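To start, the structure under review is shown below, and the notes come after it.
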Amino acid sequence: MSSIILPSPVQKALQGWAARQRERADVPLAIAWGEAPEQQILLGSDDPPRVRVHLRTPTAVAALLKPSLDSLGQAYVEGRIDVEGSAQDIMQVALQLAESGEQEQDDKKSGGLLERIAQHLKQAMAHTRKSDKEAIQYHYDVSNEFYAQWLDAEMVYSCAYFERGDETLGQAQMKKIDHILTKLRIRSGQTLLDIGCGWGALVMRAAQKCGARCVGITLSQNQFDLARERVKDAGLARQVEIRLQDYRDVKGPFDRITSVGMCEHVGLKNLPAYFRIIRDLLAPGGWALNHGITSTDPDNGETNYGGGRFIDRYVFPQGELPHIGTVLTAMQRGGLETTDVESLRHHYARTMGCWSQAFEAHTERIRQLVDEKRWRIWRMYLIGSQWAFEQDEISIFQVLCRRAGQAARTLPWSRRWMYP
């Protein structure tokens with residue numbers, strides 16, 4: 001590891017910061033900018049420390065002096081620091097530093113005002129067809145082989161459903177798809193639209209298991225190409241059509257509609273219009289299910305410690321997480337009646353943990369497929385998201401709905417059909 005020169009004032013500031021950290025918590029971290037003893041600082045009592053940070057530039061010190069998940073993640077992704085340690089240990093140390101960083105803020109009110117201003121500006125972003133397509137392709141068109149390294153065999157990139165808790169990831173993903181299809185009570189010959197169909201697992205399952213006639217749409221070229229190939233290889237071309245298409249350009253009607261992991265990309269101000277489109281695409285008597293990540297802030301605000309800013313900057317450009325209350329209000333404004341709401345937060349924490357473990361296990365191959373920056377982004381995104389779901393920073397809900405204004409007698413008496 002090469003050494004850098006830290007000016008004396010910078011070293012003094014770093015040492016003072018480290019002393020304050022030691023008073024607050026026992027952080028299993030070493031910070032080094034060279035090999036000599038005087039070029040290293042220990043923050044905790046672990047010997048050796050579980051995490052070691054190597055400063056690659058003097059400017060990296062700024063991320064430590066005012067730490068957040070965003071500033072620390074940015075320093076790591078941009079190569080201003082190198083980090084040694086397991087993904088779990090790195091995340092735990094980052095959280096300890098971010099917590100202490102919040103404690104050191106002198107003007108909380110000013111910081112809160114800036115957060116609110118930033119949130120309002122973010123909500124004012126235009127979600128045009130062009131910008132939405134660019135955002136989707138940035139995230140999903142890394143490469144199909146990249147995703148195949150850490151997803152299950154069917155390449156389902158959304159929250160799994162661990163009915164008992166002892167299922168493999170692949171089993172839990174298939175149970176999630178079946179759980180959705182069961183809630184929708186889809187029957188042979190009915191039509192199904194899957195908005196944001198990924199690599200086609202849900203529409204293929206609906207065709208094979210339920211006899212449905214399906215349309216899956218995506219804006220990702222890579223997903224489109226592979227999903228069409230998989231549909232053809234499965235002999236489902238007569239039942240399943242995959243389209244490279246914006247949801248605003250789809251023509252209906254459909255008996256059933258699924259939206260899995262899609263509403264996060266729509267934009268908060270566009271949610272009522274999005275659900276209005278779903279309402280208009282539904283056939284009379286039709287049902288829809290929205291499966292989406294949500295904020296746990298009632299005001300649709302930022303997660304603690306800056307994790308959301310990191311994801312917006314590097315992972316999901318233009319992504320916006322609504323609170324579940326916002327989702328339900330937007331559905332009503334869009335002409336949909338909510339009939340069932342189910343939280344799957346525990347399931348997504350487990351799913352993210354499975355993905356992160358697979359990512360770490362296949363990291364050698366993954367680093368051959370993407371550049372160093374992309375590898376660092378995804379490594380931190382997966383483990384950070386697992387923490388966020390674990391700690392109720394974000395959540396996820398399945399919402400079953402239909403066109404509003406229908407007679408009560410057309411509703412089932414109970415939810416028994418969902419859990420046979």
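By order of appearance in the structure tokens: chains A, B, ..., then residues from 1 within every chain, and ligands from 1 in the order shown.
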Once you count only C-alpha atoms, what closest atom pair and distance in Å to one decimal does each residue of range 258-300 of chain A within 7 Å of range 320-343 of chain A have, with rows by chain and rising residue number, as JSON lines?
```
{"residue": "A:Glu264", "atom": "CA", "partner": "A:Glu320", "partner_atom": "CA", "distance": 5.5}
{"residue": "A:His265", "atom": "CA", "partner": "A:Glu320", "partner_atom": "CA", "distance": 6.5}
{"residue": "A:Gly267", "atom": "CA", "partner": "A:Glu320", "partner_atom": "CA", "distance": 5.6}
{"residue": "A:Leu268", "atom": "CA", "partner": "A:Glu320", "partner_atom": "CA", "distance": 6.4}
{"residue": "A:Leu271", "atom": "CA", "partner": "A:Ala330", "partner_atom": "CA", "distance": 5.8}
{"residue": "A:Pro272", "atom": "CA", "partner": "A:Ala330", "partner_atom": "CA", "distance": 4.5}
{"residue": "A:Ala273", "atom": "CA", "partner": "A:Gly334", "partner_atom": "CA", "distance": 6.1}
{"residue": "A:Phe275", "atom": "CA", "partner": "A:Gly334", "partner_atom": "CA", "distance": 4.9}
{"residue": "A:Arg276", "atom": "CA", "partner": "A:Gly334", "partner_atom": "CA", "distance": 4.0}
{"residue": "A:Arg279", "atom": "CA", "partner": "A:Leu336", "partner_atom": "CA", "distance": 6.3}
{"residue": "A:Ile293", "atom": "CA", "partner": "A:Leu321", "partner_atom": "CA", "distance": 6.6}
{"residue": "A:Thr294", "atom": "CA", "partner": "A:Leu321", "partner_atom": "CA", "distance": 5.0}
{"residue": "A:Ser295", "atom": "CA", "partner": "A:His323", "partner_atom": "CA", "distance": 4.6}
{"residue": "A:Thr296", "atom": "CA", "partner": "A:His323", "partner_atom": "CA", "distance": 5.8}
{"residue": "A:Asp297", "atom": "CA", "partner": "A:His323", "partner_atom": "CA", "distance": 6.3}
{"residue": "A:Pro298", "atom": "CA", "partner": "A:His323", "partner_atom": "CA", "distance": 5.7}
{"residue": "A:Asn300", "atom": "CA", "partner": "A:Pro322", "partner_atom": "CA", "distance": 5.1}
```
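Shell of Ile4 in chain A at 10 Å, with only C-alpha atoms counted and residues fewer than 6 places along the chain excluded, is Ala32, Trp33, Gly34, Gln39, His54, Leu55, Arg56, Thr57 and Pro58 of chain A.
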Pull C-alpha atoms from the residues just selected and write them as a PDB file, in the first residue's frame.
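And here is the file that came out, out.pdb:
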```pdb
ATOM      1  CA  ALA A  32      -3.729   4.196   7.716  1.00  0.00           C
ATOM      2  CA  TRP A  33      -2.000   6.428   5.179  1.00  0.00           C
ATOM      3  CA  GLY A  34       1.293   4.544   5.220  1.00  0.00           C
ATOM      4  CA  GLN A  39       0.898   6.768   9.920  1.00  0.00           C
ATOM      5  CA  HIS A  54      -6.353   3.118   3.715  1.00  0.00           C
ATOM      6  CA  LEU A  55      -6.361   6.787   2.759  1.00  0.00           C
ATOM      7  CA  ARG A  56      -5.351   7.208  -0.874  1.00  0.00           C
ATOM      8  CA  THR A  57      -5.606  10.996  -1.021  1.00  0.00           C
ATOM      9  CA  PRO A  58      -5.454  13.722   1.664  1.00  0.00           C
TER      10      PRO A  58
END
```
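Of the listed residues (A:Pro7, A:Gly353, A:Pro67, A:Gly252), A:Gly353 comes nearest to Leu169 in chain A; the distances count only C-alpha atoms.
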Counting only C-alpha atoms, which residues of range 174-196 of chain A fall within 9 Å of range 212-216 of chain A, and what is the closest atom pair for each with its distance in Å at one decimal, ordered by chain and rising number, as JSON lines?
```
{"residue": "A:Ile186", "atom": "CA", "partner": "A:Ala212", "partner_atom": "CA", "distance": 7.3}
{"residue": "A:Arg187", "atom": "CA", "partner": "A:Ala212", "partner_atom": "CA", "distance": 6.6}
{"residue": "A:Ser188", "atom": "CA", "partner": "A:Ala212", "partner_atom": "CA", "distance": 5.1}
{"residue": "A:Gly189", "atom": "CA", "partner": "A:Ala212", "partner_atom": "CA", "distance": 5.1}
{"residue": "A:Gln190", "atom": "CA", "partner": "A:Ala212", "partner_atom": "CA", "distance": 5.2}
{"residue": "A:Thr191", "atom": "CA", "partner": "A:Arg213", "partner_atom": "CA", "distance": 4.8}
{"residue": "A:Leu192", "atom": "CA", "partner": "A:Cys214", "partner_atom": "CA", "distance": 4.7}
{"residue": "A:Leu193", "atom": "CA", "partner": "A:Val215", "partner_atom": "CA", "distance": 4.9}
{"residue": "A:Asp194", "atom": "CA", "partner": "A:Gly216", "partner_atom": "CA", "distance": 4.7}
{"residue": "A:Ile195", "atom": "CA", "partner": "A:Gly216", "partner_atom": "CA", "distance": 6.2}
{"residue": "A:Gly196", "atom": "CA", "partner": "A:Gly216", "partner_atom": "CA", "distance": 7.0}
```
Write a file of the selected residues as a PDB file, in the first residue's frame, keeping N, CA and C atoms.
```pdb
ATOM      1  N   ILE A 186     -55.649 -15.530 -10.739  1.00  0.00           N
ATOM      2  CA  ILE A 186     -55.640 -15.546 -12.200  1.00  0.00           C
ATOM      3  C   ILE A 186     -56.011 -16.930 -12.708  1.00  0.00           C
ATOM      4  N   ARG A 187     -56.814 -16.966 -13.756  1.00  0.00           N
ATOM      5  CA  ARG A 187     -57.324 -18.217 -14.303  1.00  0.00           C
ATOM      6  C   ARG A 187     -56.889 -18.395 -15.751  1.00  0.00           C
ATOM      7  N   SER A 188     -57.001 -19.606 -16.217  1.00  0.00           N
ATOM      8  CA  SER A 188     -56.600 -19.943 -17.583  1.00  0.00           C
ATOM      9  C   SER A 188     -57.349 -19.088 -18.591  1.00  0.00           C
ATOM     10  N   GLY A 189     -56.610 -18.574 -19.558  1.00  0.00           N
ATOM     11  CA  GLY A 189     -57.201 -17.767 -20.613  1.00  0.00           C
ATOM     12  C   GLY A 189     -57.252 -16.288 -20.317  1.00  0.00           C
ATOM     13  N   GLN A 190     -57.061 -15.898 -19.048  1.00  0.00           N
ATOM     14  CA  GLN A 190     -57.067 -14.481 -18.716  1.00  0.00           C
ATOM     15  C   GLN A 190     -55.772 -13.813 -19.188  1.00  0.00           C
ATOM     16  N   THR A 191     -55.840 -12.503 -19.354  1.00  0.00           N
ATOM     17  CA  THR A 191     -54.676 -11.739 -19.803  1.00  0.00           C
ATOM     18  C   THR A 191     -53.999 -11.071 -18.614  1.00  0.00           C
ATOM     19  N   LEU A 192     -52.679 -11.062 -18.652  1.00  0.00           N
ATOM     20  CA  LEU A 192     -51.877 -10.471 -17.577  1.00  0.00           C
ATOM     21  C   LEU A 192     -50.847  -9.534 -18.175  1.00  0.00           C
ATOM     22  N   LEU A 193     -50.759  -8.315 -17.621  1.00  0.00           N
ATOM     23  CA  LEU A 193     -49.705  -7.363 -17.964  1.00  0.00           C
ATOM     24  C   LEU A 193     -48.761  -7.251 -16.780  1.00  0.00           C
ATOM     25  N   ASP A 194     -47.460  -7.446 -17.027  1.00  0.00           N
ATOM     26  CA  ASP A 194     -46.443  -7.281 -15.987  1.00  0.00           C
ATOM     27  C   ASP A 194     -45.610  -6.057 -16.338  1.00  0.00           C
ATOM     28  N   ILE A 195     -45.778  -4.983 -15.561  1.00  0.00           N
ATOM     29  CA  ILE A 195     -45.074  -3.723 -15.815  1.00  0.00           C
ATOM     30  C   ILE A 195     -43.708  -3.787 -15.138  1.00  0.00           C
ATOM     31  N   GLY A 196     -42.642  -3.742 -15.927  1.00  0.00           N
ATOM     32  CA  GLY A 196     -41.303  -3.928 -15.387  1.00  0.00           C
ATOM     33  C   GLY A 196     -41.047  -5.403 -15.172  1.00  0.00           C
TER      34      GLY A 196
END
```
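The coordinates place CA of Arg345 in chain A at 5.0 Å from CA of Ser395 in chain A.
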Just the residues within 9 Å of Thr218 in chain A, please, counting only C-alpha atoms, with nothing from its chain fewer than 4 positions along; format it as a list in words.
Ile136, Asp194, Ile195, Gly196, Cys197, Gly198, Trp199, Gln223, Phe224, Ile242, Arg243, Leu244, Gln245, Asp246 and Tyr247 of chain A
Let's have the selection written as a short mmCIF file (atom, residue, chain, number, x, y, z; two decimals), in the first residue's frame, with N, CA and C atoms.
```cif
data_model
loop_
_atom_site.label_atom_id
_atom_site.label_comp_id
_atom_site.auth_asym_id
_atom_site.auth_seq_id
_atom_site.Cartn_x
_atom_site.Cartn_y
_atom_site.Cartn_z
N ILE A 136 -33.35 3.59 -16.12
CA ILE A 136 -33.53 2.14 -16.08
C ILE A 136 -32.34 1.44 -16.72
N ASP A 194 -47.46 -7.45 -17.03
CA ASP A 194 -46.44 -7.28 -15.99
C ASP A 194 -45.61 -6.06 -16.34
N ILE A 195 -45.78 -4.98 -15.56
CA ILE A 195 -45.07 -3.72 -15.82
C ILE A 195 -43.71 -3.79 -15.14
N GLY A 196 -42.64 -3.74 -15.93
CA GLY A 196 -41.30 -3.93 -15.39
C GLY A 196 -41.05 -5.40 -15.17
N CYS A 197 -41.03 -6.15 -16.27
CA CYS A 197 -41.06 -7.63 -16.19
C CYS A 197 -39.71 -8.26 -15.92
N GLY A 198 -38.64 -7.47 -15.85
CA GLY A 198 -37.33 -8.06 -15.60
C GLY A 198 -36.94 -9.05 -16.68
N TRP A 199 -36.46 -10.20 -16.24
CA TRP A 199 -36.03 -11.22 -17.20
C TRP A 199 -37.14 -12.26 -17.46
N GLN A 223 -32.56 -6.93 -20.51
CA GLN A 223 -33.65 -7.76 -20.01
C GLN A 223 -34.56 -8.21 -21.15
N PHE A 224 -34.86 -7.31 -22.03
CA PHE A 224 -35.73 -7.62 -23.17
C PHE A 224 -35.16 -8.76 -24.00
N ILE A 242 -42.93 -10.39 -24.82
CA ILE A 242 -42.06 -9.44 -24.13
C ILE A 242 -41.87 -8.22 -25.02
N ARG A 243 -42.09 -7.04 -24.45
CA ARG A 243 -41.98 -5.80 -25.22
C ARG A 243 -40.96 -4.86 -24.60
N LEU A 244 -40.23 -4.15 -25.44
CA LEU A 244 -39.39 -3.03 -25.00
C LEU A 244 -40.27 -1.79 -25.11
N GLN A 245 -40.94 -1.46 -24.02
CA GLN A 245 -42.03 -0.47 -24.11
C GLN A 245 -42.20 0.28 -22.80
N ASP A 246 -42.54 1.56 -22.92
CA ASP A 246 -42.88 2.40 -21.77
C ASP A 246 -44.31 2.10 -21.34
N TYR A 247 -44.54 2.09 -20.03
CA TYR A 247 -45.88 1.77 -19.53
C TYR A 247 -46.94 2.75 -20.04
#
```
Would you please give, as number ranges by chain, all residues of range 170-359 of chain A that DSSP assigns to helix (DSSP H, G or I) based on the backbone?
A: 170-184, 201-210, 221-233, 247-249, 263-265, 268-281, 304-314, 324-333, 345-359
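Distance check against Gln92 in chain A using only C-alpha atoms: of A:Arg50, A:Arg416, A:Lys183, A:Lys66, the minimum falls on A:Arg50.
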Check range 70-100 of chain A with DSSP on the backbone and list each residue it calls strand (DSSP E or B), as a PyMOL selection string.
chain A and resi 81-84
Please list as a JSON list (two decimals) with N, CA and C atoms, in the first residue's frame every residue within 9 Å of Ile41 in chain A, counting only C-alpha atoms and excluding residues in the same chain fewer than 3 positions away.
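So the final result, stored in result.json, reads:
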```
[["chain", "number", "residue", "atom", "x", "y", "z"],
["A", 14, "LEU", "N", -7.43, 14.89, 12.18],
["A", 14, "LEU", "CA", -7.78, 13.48, 12.15],
["A", 14, "LEU", "C", -7.58, 12.85, 13.52],
["A", 15, "GLN", "N", -6.49, 13.19, 14.19],
["A", 15, "GLN", "CA", -6.23, 12.63, 15.52],
["A", 15, "GLN", "C", -7.25, 13.12, 16.54],
["A", 18, "ALA", "N", -10.40, 11.21, 15.93],
["A", 18, "ALA", "CA", -10.27, 9.83, 16.42],
["A", 18, "ALA", "C", -10.42, 9.78, 17.94],
["A", 29, "LEU", "N", -11.80, -0.33, 14.03],
["A", 29, "LEU", "CA", -11.32, 0.29, 12.80],
["A", 29, "LEU", "C", -9.90, 0.80, 12.96],
["A", 30, "ALA", "N", -9.09, 0.60, 11.94],
["A", 30, "ALA", "CA", -7.77, 1.23, 11.83],
["A", 30, "ALA", "C", -7.76, 2.10, 10.58],
["A", 31, "ILE", "N", -7.18, 3.28, 10.69],
["A", 31, "ILE", "CA", -7.04, 4.20, 9.56],
["A", 31, "ILE", "C", -5.55, 4.37, 9.30],
["A", 32, "ALA", "N", -5.16, 4.14, 8.06],
["A", 32, "ALA", "CA", -3.73, 4.20, 7.72],
["A", 32, "ALA", "C", -3.51, 5.03, 6.46],
["A", 37, "PRO", "N", 4.19, 3.16, 12.02],
["A", 37, "PRO", "CA", 3.25, 3.26, 13.15],
["A", 37, "PRO", "C", 2.62, 4.64, 13.29],
["A", 38, "GLU", "N", 3.42, 5.68, 13.03],
["A", 38, "GLU", "CA", 2.89, 7.04, 13.18],
["A", 38, "GLU", "C", 1.94, 7.41, 12.04]]
```
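The shortest atom-to-atom distance to Leu72 in chain A, with only C-alpha atoms taken into account, belongs to A:Gly307 out of A:Lys251, A:Gln357, A:Gly307, A:Leu43.
Using only C-alpha atoms, the smallest distance between any of A:Cys210, A:Leu226, A:Leu184, A:Ile396 and Glu154 in chain A comes from A:Leu226.
What separates CA of Val77 in chain A from CA of Tyr314 in chain A is a distance of 8.9 Å.
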Separation of CA of Ala13 in chain A and CA of Glu84 in chain A, in Å?
23.3 Å
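In terms of minimum interatomic distance to Pro48 in chain A, A:Val27 ranks closest within A:Ala148, A:Val27, A:Ala283, A:Leu202, counting only C-alpha atoms.
Of the residues listed (A:Glu360, A:Glu302, A:Glu23, A:Asp225), A:Glu360 shows the shortest atom-to-atom separation from Arg376 in chain A; distances use only C-alpha atoms.
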